[in-house]
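Colleague: Shown below is the structure under consideration.
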Number of protein chains: 4
Amino acid sequence: MRIAVIYGGTRSNGNTEALTKHAVEGLEVDSIYLNDFHIKSIEDRRHTEGGFSDVGDDYNAVLSRVIQNDIFIFATPIYWYSMSGKMKNFIDRWSQTMKEPQFKGFKESMSKKKAYVIAVGGDSPYIKGLPLIQQFNYIFEFFSLSFEGYIIGKANKPGEIYKDQKAFYEAEQLREILKLQ
Amino acid sequence: MRIAVIYGGTRSNGNTEALTKHAVEGLEVDSIYLNDFHIKSIEDRRHTEGGFSDVGDDYNAVLSRVIQNDIFIFATPIYWYSMSGKMKNFIDRWSQTMKEPQFKGFKESMSKKKAYVIAVGGDSPYIKGLPLIQQFNYIFEFFSLSFEGYIIGKANKPGEIYKDQKAFYEAEQLREILKLQ
Amino acid sequence: MRIAVIYGGTRSNGNTEALTKHAVEGLEVDSIYLNDFHIKSIEDRRHTEGGFSDVGDDYNAVLSRVIQNDIFIFATPIYWYSMSGKMKNFIDRWSQTMKEPQFKGFKESMSKKKAYVIAVGGDSPYIKGLPLIQQFNYIFEFFSLSFEGYIIGKANKPGEIYKDQKAFYEAEQLREILKLQ
Amino acid sequence: MRIAVIYGGTRSNGNTEALTKHAVEGLEVDSIYLNDFHIKSIEDRRHTEGGFSDVGDDYNAVLSRVIQNDIFIFATPIYWYSMSGKMKNFIDRWSQTMKEPQFKGFKESMSKKKAYVIAVGGDSPYIKGLPLIQQFNYIFEFFSLSFEGYIIGKANKPGEIYKDQKAFYEAEQLREILKLQ
């Protein structure tokens, strides 16, 4: 099974990335750094005559790359108790994709995939990160996409994540599971 | 007290806007449509040498306008069980503002303000919108900003919000409270 | 449709009861005060040889009465950010009911019913009562029982609920809906 | 520091107990099985003339034993997406304790303690157990009692918890932390 890691962070070698790389070490994955692409916020044109039109950014290319995979790992720092704006913009655009003829079958195809979330925050993430996990759960439920698990890490300053032994253990556990897929 | 309404929607005269306008009808408010401005996603440079630099967008101007007010109404459609990406980008940038000399005292000044949330969604918003409310609660708690209340509305297609009598009643109640401020 | 109101409070004429009575005023309902009955905590014998046995309390009689109805209104004060222990004991026992031959078809029959929750608390119930709502949602989902809506009221001292205009409006709205059933 | 383990389960050697015993293996703890005691549901008499009176059960004795400790581990199976009714009854009674002269200073003394939660459930506990964690968080916040961490385990049938390697690892981690207290 092919694995896409979708990074929502904006800091190179950030804590979320370090933890996630530990989880996929030695595995062949497609690492997609949303920060490297230009992805516009959605304009809600679901009910507009003419519908959505091409907005001239990298979104469609990124999405096409993502959906070639069977397993998605959403790796995001916790910004203000939710995913980063860059990751939110990416996911918001799925509403557009569901209306686009070129992505016919998108919703249905998502139901065959599996998802993991890795989220790292500095302010009581084990408690204050829970609404983010619940939000991802609703997103995945919408697609009948199987939510296989999540890892919450605690870190703020660069490198601090290495102190979170529990998160690293969970990353290793995830790696073992991914190896068997 | 001065009131800012911060709109996160991307559809003109959308359901969230209609409900929110009902809440502030007849009141003098500063209506800020995030969709009218160019606000970039944050680049996390909190721990980077040199820190944040000006990114040449409208964010600082919008923020300056917002914080002149004493009461904030965050009015967002529920996109994928959370605030819109545009609103998330705006809030994410607060991390930058907290580091900027020109906004010295930002965090402290926020603790004197009051906030309301108006959120409208189509997919079981009274249940699936709750993580969004919890997220806003954590954001406001961070600033000791008083979370005065929220209205969840149910609507999907344009105009559907007018059927949500409960939400409109709550909007009227909110209006009465705002009048007394 | 027959309506059961299941009261979890332990104070006569408490705030939750007052709000709930406003919702069902003029309607024929079966009012069940759990406090009037002796209902033991469950002993988990799902995996014990011999299974559950009769524990000699009022539970089976109460349950039999409840399930004759089509609509359930769970009316509970918020004790420590969840339903009262008395209501929890009642619901915990459903695990036993699902194993009892005399209640064969219990789970299936629940899927045809509708449920409402009315919960009143004194400590930021609109925020801190949300986990309770989420918990009820999972309970109802388990049975595919339709969660039709909830009302959160704010009150602490006796009679304080009468100041919560929003909750009373919602109670009236609920009454109109119940009338049409 | 003295450690109390408060067990809310009703099945001897249940999954929650097995996981918790792994966490405290080799440590001196006071193990309190609520199931061994008679603890009545609270009657809310906070606003009744005369207030609470002795209800002739084991609650006061159990509470007295619990509060001699500095660290509390609440170990509960997840029954219907929350703590067991037995544990809820125990916690509900704290409202009474706060009013009792013999427990003067109860609330204040709680603020010096630390708490952990260990919860085991069979139905998607990592997602559907989150409202329970949020509820405990609000309970502990009320007392300014430090919520040091929680472990969620997945198990249904007896013994199934031994397959949850992540939970057992977390139990071992918790043990290391407890040893240092």
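By order of appearance in the structure tokens: chains A, B, ..., then residues from 1 within every chain, and ligands from 1 in the order shown.
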Please, can I see chain D fitted onto chain C by all in-order Cα atoms (least squares), as an mmCIF file with C-alpha atoms, in the first residue's frame?

Modeller:
```
data_model
loop_
_atom_site.group_PDB
_atom_site.id
_atom_site.type_symbol
_atom_site.label_atom_id
_atom_site.label_comp_id
_atom_site.auth_asym_id
_atom_site.auth_seq_id
_atom_site.Cartn_x
_atom_site.Cartn_y
_atom_site.Cartn_z
ATOM 1 C CA MET D 1 -46.349 9.154 19.518
ATOM 2 C CA ARG D 2 -45.861 8.446 23.173
ATOM 3 C CA ILE D 3 -43.329 10.499 25.062
ATOM 4 C CA ALA D 4 -41.345 9.481 28.129
ATOM 5 C CA VAL D 5 -39.551 12.079 30.189
ATOM 6 C CA ILE D 6 -36.780 10.504 32.201
ATOM 7 C CA TYR D 7 -35.746 12.758 35.045
ATOM 8 C CA GLY D 8 -32.296 12.242 36.514
ATOM 9 C CA GLY D 9 -32.433 14.983 39.135
ATOM 10 C CA THR D 10 -32.635 14.443 42.840
ATOM 11 C CA ARG D 11 -34.147 17.727 43.947
ATOM 12 C CA SER D 12 -37.879 18.145 43.776
ATOM 13 C CA ASN D 13 -38.907 20.960 41.429
ATOM 14 C CA GLY D 14 -35.309 21.531 40.472
ATOM 15 C CA ASN D 15 -34.161 23.730 37.611
ATOM 16 C CA THR D 16 -33.945 20.895 35.118
ATOM 17 C CA GLU D 17 -37.446 19.784 35.972
ATOM 18 C CA ALA D 18 -38.837 23.310 35.640
ATOM 19 C CA LEU D 19 -37.303 23.743 32.205
ATOM 20 C CA THR D 20 -38.439 20.331 31.072
ATOM 21 C CA LYS D 21 -41.979 20.837 32.323
ATOM 22 C CA HIS D 22 -42.092 24.012 30.279
ATOM 23 C CA ALA D 23 -41.165 21.953 27.239
ATOM 24 C CA VAL D 24 -43.916 19.386 27.737
ATOM 25 C CA GLU D 25 -46.617 21.675 29.153
ATOM 26 C CA GLY D 26 -50.015 20.562 27.951
ATOM 27 C CA LEU D 27 -48.671 17.383 26.401
ATOM 28 C CA GLU D 28 -49.449 13.918 27.599
ATOM 29 C CA VAL D 29 -46.171 12.406 28.710
ATOM 30 C CA ASP D 30 -45.061 9.629 31.002
ATOM 31 C CA SER D 31 -42.901 11.334 33.615
ATOM 32 C CA ILE D 32 -40.414 8.989 35.169
ATOM 33 C CA TYR D 33 -38.444 10.274 38.117
ATOM 34 C CA LEU D 34 -35.486 7.948 38.522
ATOM 35 C CA ASN D 35 -35.092 9.283 42.033
ATOM 36 C CA ASP D 36 -38.345 7.561 43.004
ATOM 37 C CA PHE D 37 -36.971 4.147 42.174
ATOM 38 C CA HIS D 38 -34.287 1.878 43.447
ATOM 39 C CA ILE D 39 -31.899 1.212 40.577
ATOM 40 C CA LYS D 40 -28.602 -0.470 41.341
ATOM 41 C CA SER D 41 -25.355 0.166 39.535
ATOM 42 C CA ILE D 42 -24.615 -2.466 36.946
ATOM 43 C CA GLU D 43 -22.433 -5.421 37.807
ATOM 44 C CA ASP D 44 -20.717 -6.232 34.540
ATOM 45 C CA ARG D 45 -21.523 -9.871 33.985
ATOM 46 C CA ARG D 46 -21.521 -9.775 30.208
ATOM 47 C CA HIS D 47 -18.695 -12.277 30.149
ATOM 48 C CA THR D 48 -19.497 -14.186 33.325
ATOM 49 C CA GLU D 49 -20.782 -17.716 33.204
ATOM 50 C CA GLY D 50 -24.472 -17.625 33.881
ATOM 51 C CA GLY D 51 -24.575 -14.005 32.771
ATOM 52 C CA PHE D 52 -26.689 -11.437 34.484
ATOM 53 C CA SER D 53 -29.242 -12.418 37.066
ATOM 54 C CA ASP D 54 -32.122 -10.531 38.544
ATOM 55 C CA VAL D 55 -30.804 -8.024 41.043
ATOM 56 C CA GLY D 56 -34.105 -7.371 42.733
ATOM 57 C CA ASP D 57 -34.515 -3.679 42.132
ATOM 58 C CA ASP D 58 -36.891 -1.497 40.143
ATOM 59 C CA TYR D 59 -34.799 -1.285 36.989
ATOM 60 C CA ASN D 60 -36.689 -3.740 34.829
ATOM 61 C CA ALA D 61 -40.007 -2.187 35.714
ATOM 62 C CA VAL D 62 -38.737 1.286 34.913
ATOM 63 C CA LEU D 63 -37.163 0.201 31.661
ATOM 64 C CA SER D 64 -40.331 -1.590 30.590
ATOM 65 C CA ARG D 65 -42.245 1.596 31.154
ATOM 66 C CA VAL D 66 -39.704 3.722 29.295
ATOM 67 C CA ILE D 67 -39.583 1.580 26.175
ATOM 68 C CA GLN D 68 -43.326 1.677 25.673
ATOM 69 C CA ASN D 69 -42.718 5.185 24.423
ATOM 70 C CA ASP D 70 -41.475 6.433 21.068
ATOM 71 C CA ILE D 71 -39.749 9.596 22.158
ATOM 72 C CA PHE D 72 -37.404 9.889 25.108
ATOM 73 C CA ILE D 73 -36.523 13.138 26.806
ATOM 74 C CA PHE D 74 -33.533 12.719 29.080
ATOM 75 C CA ALA D 75 -33.712 15.531 31.605
ATOM 76 C CA THR D 76 -30.690 15.698 33.846
ATOM 77 C CA PRO D 77 -28.977 18.272 35.951
ATOM 78 C CA ILE D 78 -25.298 18.497 35.055
ATOM 79 C CA TYR D 79 -23.437 16.968 37.972
ATOM 80 C CA TRP D 80 -19.711 17.205 37.582
ATOM 81 C CA TYR D 81 -19.963 17.914 33.864
ATOM 82 C CA SER D 82 -22.054 14.871 33.039
ATOM 83 C CA MET D 83 -25.426 13.294 33.761
ATOM 84 C CA SER D 84 -26.378 12.520 37.367
ATOM 85 C CA GLY D 85 -25.159 9.246 38.848
ATOM 86 C CA LYS D 86 -28.766 8.086 39.039
ATOM 87 C CA MET D 87 -29.237 8.552 35.319
ATOM 88 C CA LYS D 88 -25.852 6.987 34.611
ATOM 89 C CA ASN D 89 -26.802 3.935 36.645
ATOM 90 C CA PHE D 90 -30.018 3.641 34.664
ATOM 91 C CA ILE D 91 -28.227 3.842 31.324
ATOM 92 C CA ASP D 92 -25.388 1.560 32.420
ATOM 93 C CA ARG D 93 -27.943 -1.157 33.007
ATOM 94 C CA TRP D 94 -28.851 -1.154 29.315
ATOM 95 C CA SER D 95 -25.818 -3.401 28.863
ATOM 96 C CA GLN D 96 -27.624 -5.932 30.984
ATOM 97 C CA THR D 97 -30.908 -5.466 29.165
ATOM 98 C CA MET D 98 -29.224 -6.241 25.867
ATOM 99 C CA LYS D 99 -28.375 -9.689 27.231
ATOM 100 C CA GLU D 100 -31.723 -10.498 28.814
ATOM 101 C CA PRO D 101 -34.060 -12.855 26.951
ATOM 102 C CA GLN D 102 -37.091 -11.003 28.262
ATOM 103 C CA PHE D 103 -35.917 -7.873 26.461
ATOM 104 C CA LYS D 104 -35.070 -9.579 23.173
ATOM 105 C CA GLY D 105 -35.046 -7.029 20.380
ATOM 106 C CA PHE D 106 -34.245 -4.165 22.771
ATOM 107 C CA LYS D 107 -31.389 -2.762 20.710
ATOM 108 C CA GLU D 108 -33.299 -3.053 17.465
ATOM 109 C CA SER D 109 -36.408 -1.444 18.953
ATOM 110 C CA MET D 110 -34.349 1.509 20.201
ATOM 111 C CA SER D 111 -33.385 2.333 16.629
ATOM 112 C CA LYS D 112 -36.969 3.359 15.920
ATOM 113 C CA LYS D 113 -37.110 5.923 18.668
ATOM 114 C CA LYS D 114 -36.170 9.551 18.989
ATOM 115 C CA ALA D 115 -34.315 11.224 21.809
ATOM 116 C CA TYR D 116 -33.875 14.694 23.250
ATOM 117 C CA VAL D 117 -31.613 15.840 26.037
ATOM 118 C CA ILE D 118 -32.323 18.659 28.460
ATOM 119 C CA ALA D 119 -29.398 19.431 30.739
ATOM 120 C CA VAL D 120 -29.002 22.254 33.223
ATOM 121 C CA GLY D 121 -25.802 23.235 34.951
ATOM 122 C CA GLY D 122 -24.305 26.126 36.809
ATOM 123 C CA ASP D 123 -20.680 26.171 35.687
ATOM 124 C CA SER D 124 -20.397 27.378 32.072
ATOM 125 C CA PRO D 125 -22.792 24.705 30.852
ATOM 126 C CA TYR D 126 -22.705 25.931 27.240
ATOM 127 C CA ILE D 127 -19.034 24.992 27.117
ATOM 128 C CA LYS D 128 -18.462 22.507 29.906
ATOM 129 C CA GLY D 129 -21.682 20.640 29.161
ATOM 130 C CA LEU D 130 -20.557 19.793 25.625
ATOM 131 C CA PRO D 131 -18.780 16.533 26.531
ATOM 132 C CA LEU D 132 -22.092 15.383 28.042
ATOM 133 C CA ILE D 133 -23.842 16.116 24.757
ATOM 134 C CA GLN D 134 -21.129 14.260 22.861
ATOM 135 C CA GLN D 135 -21.502 11.331 25.232
ATOM 136 C CA PHE D 136 -25.271 11.171 24.689
ATOM 137 C CA ASN D 137 -24.618 11.365 20.961
ATOM 138 C CA TYR D 138 -22.403 8.266 21.122
ATOM 139 C CA ILE D 139 -24.985 6.439 23.238
ATOM 140 C CA PHE D 140 -27.740 7.193 20.750
ATOM 141 C CA GLU D 141 -25.493 6.352 17.782
ATOM 142 C CA PHE D 142 -24.843 2.955 19.317
ATOM 143 C CA PHE D 143 -28.569 2.234 19.047
ATOM 144 C CA SER D 144 -29.079 4.162 15.791
ATOM 145 C CA LEU D 145 -31.526 6.094 17.932
ATOM 146 C CA SER D 146 -32.198 9.479 16.374
ATOM 147 C CA PHE D 147 -30.769 12.353 18.443
ATOM 148 C CA GLU D 148 -33.288 15.050 17.642
ATOM 149 C CA GLY D 149 -31.914 17.886 19.716
ATOM 150 C CA TYR D 150 -30.795 19.162 23.063
ATOM 151 C CA ILE D 151 -31.312 22.137 25.308
ATOM 152 C CA ILE D 152 -28.637 23.360 27.675
ATOM 153 C CA GLY D 153 -29.793 25.608 30.485
ATOM 154 C CA LYS D 154 -27.780 27.653 32.928
ATOM 155 C CA ALA D 155 -28.810 27.657 36.562
ATOM 156 C CA ASN D 156 -27.462 26.845 39.948
ATOM 157 C CA LYS D 157 -29.669 27.955 42.802
ATOM 158 C CA PRO D 158 -33.317 26.886 42.867
ATOM 159 C CA GLY D 159 -35.414 28.906 40.465
ATOM 160 C CA GLU D 160 -32.475 30.427 38.651
ATOM 161 C CA ILE D 161 -33.436 28.678 35.423
ATOM 162 C CA TYR D 162 -36.309 31.108 34.921
ATOM 163 C CA LYS D 163 -33.729 33.740 34.015
ATOM 164 C CA ASP D 164 -32.439 31.647 31.111
ATOM 165 C CA GLN D 165 -34.683 33.033 28.400
ATOM 166 C CA LYS D 166 -32.864 31.234 25.638
ATOM 167 C CA ALA D 167 -33.436 27.867 27.266
ATOM 168 C CA PHE D 168 -37.117 28.637 27.795
ATOM 169 C CA TYR D 169 -37.501 29.691 24.188
ATOM 170 C CA GLU D 170 -35.898 26.458 23.113
ATOM 171 C CA ALA D 171 -38.247 24.561 25.427
ATOM 172 C CA GLU D 172 -41.208 26.218 23.708
ATOM 173 C CA GLN D 173 -39.792 25.361 20.313
ATOM 174 C CA LEU D 174 -39.373 21.771 21.406
ATOM 175 C CA ARG D 175 -42.989 21.738 22.603
ATOM 176 C CA GLU D 176 -44.197 22.813 19.177
ATOM 177 C CA ILE D 177 -42.218 20.014 17.586
ATOM 178 C CA LEU D 178 -43.497 17.445 20.072
ATOM 179 C CA LYS D 179 -47.089 18.506 19.423
ATOM 180 C CA LEU D 180 -46.728 17.575 15.779
ATOM 181 C CA GLN D 181 -45.458 14.062 16.500
#
```

Colleague: Please return, as an NGL selection string, all residues of chain D that DSSP assigns to strand (DSSP E) on the basis of the backbone.

Modeller: :D and (3-7 or 29-33 or 71-77 or 114-121 or 146-154)
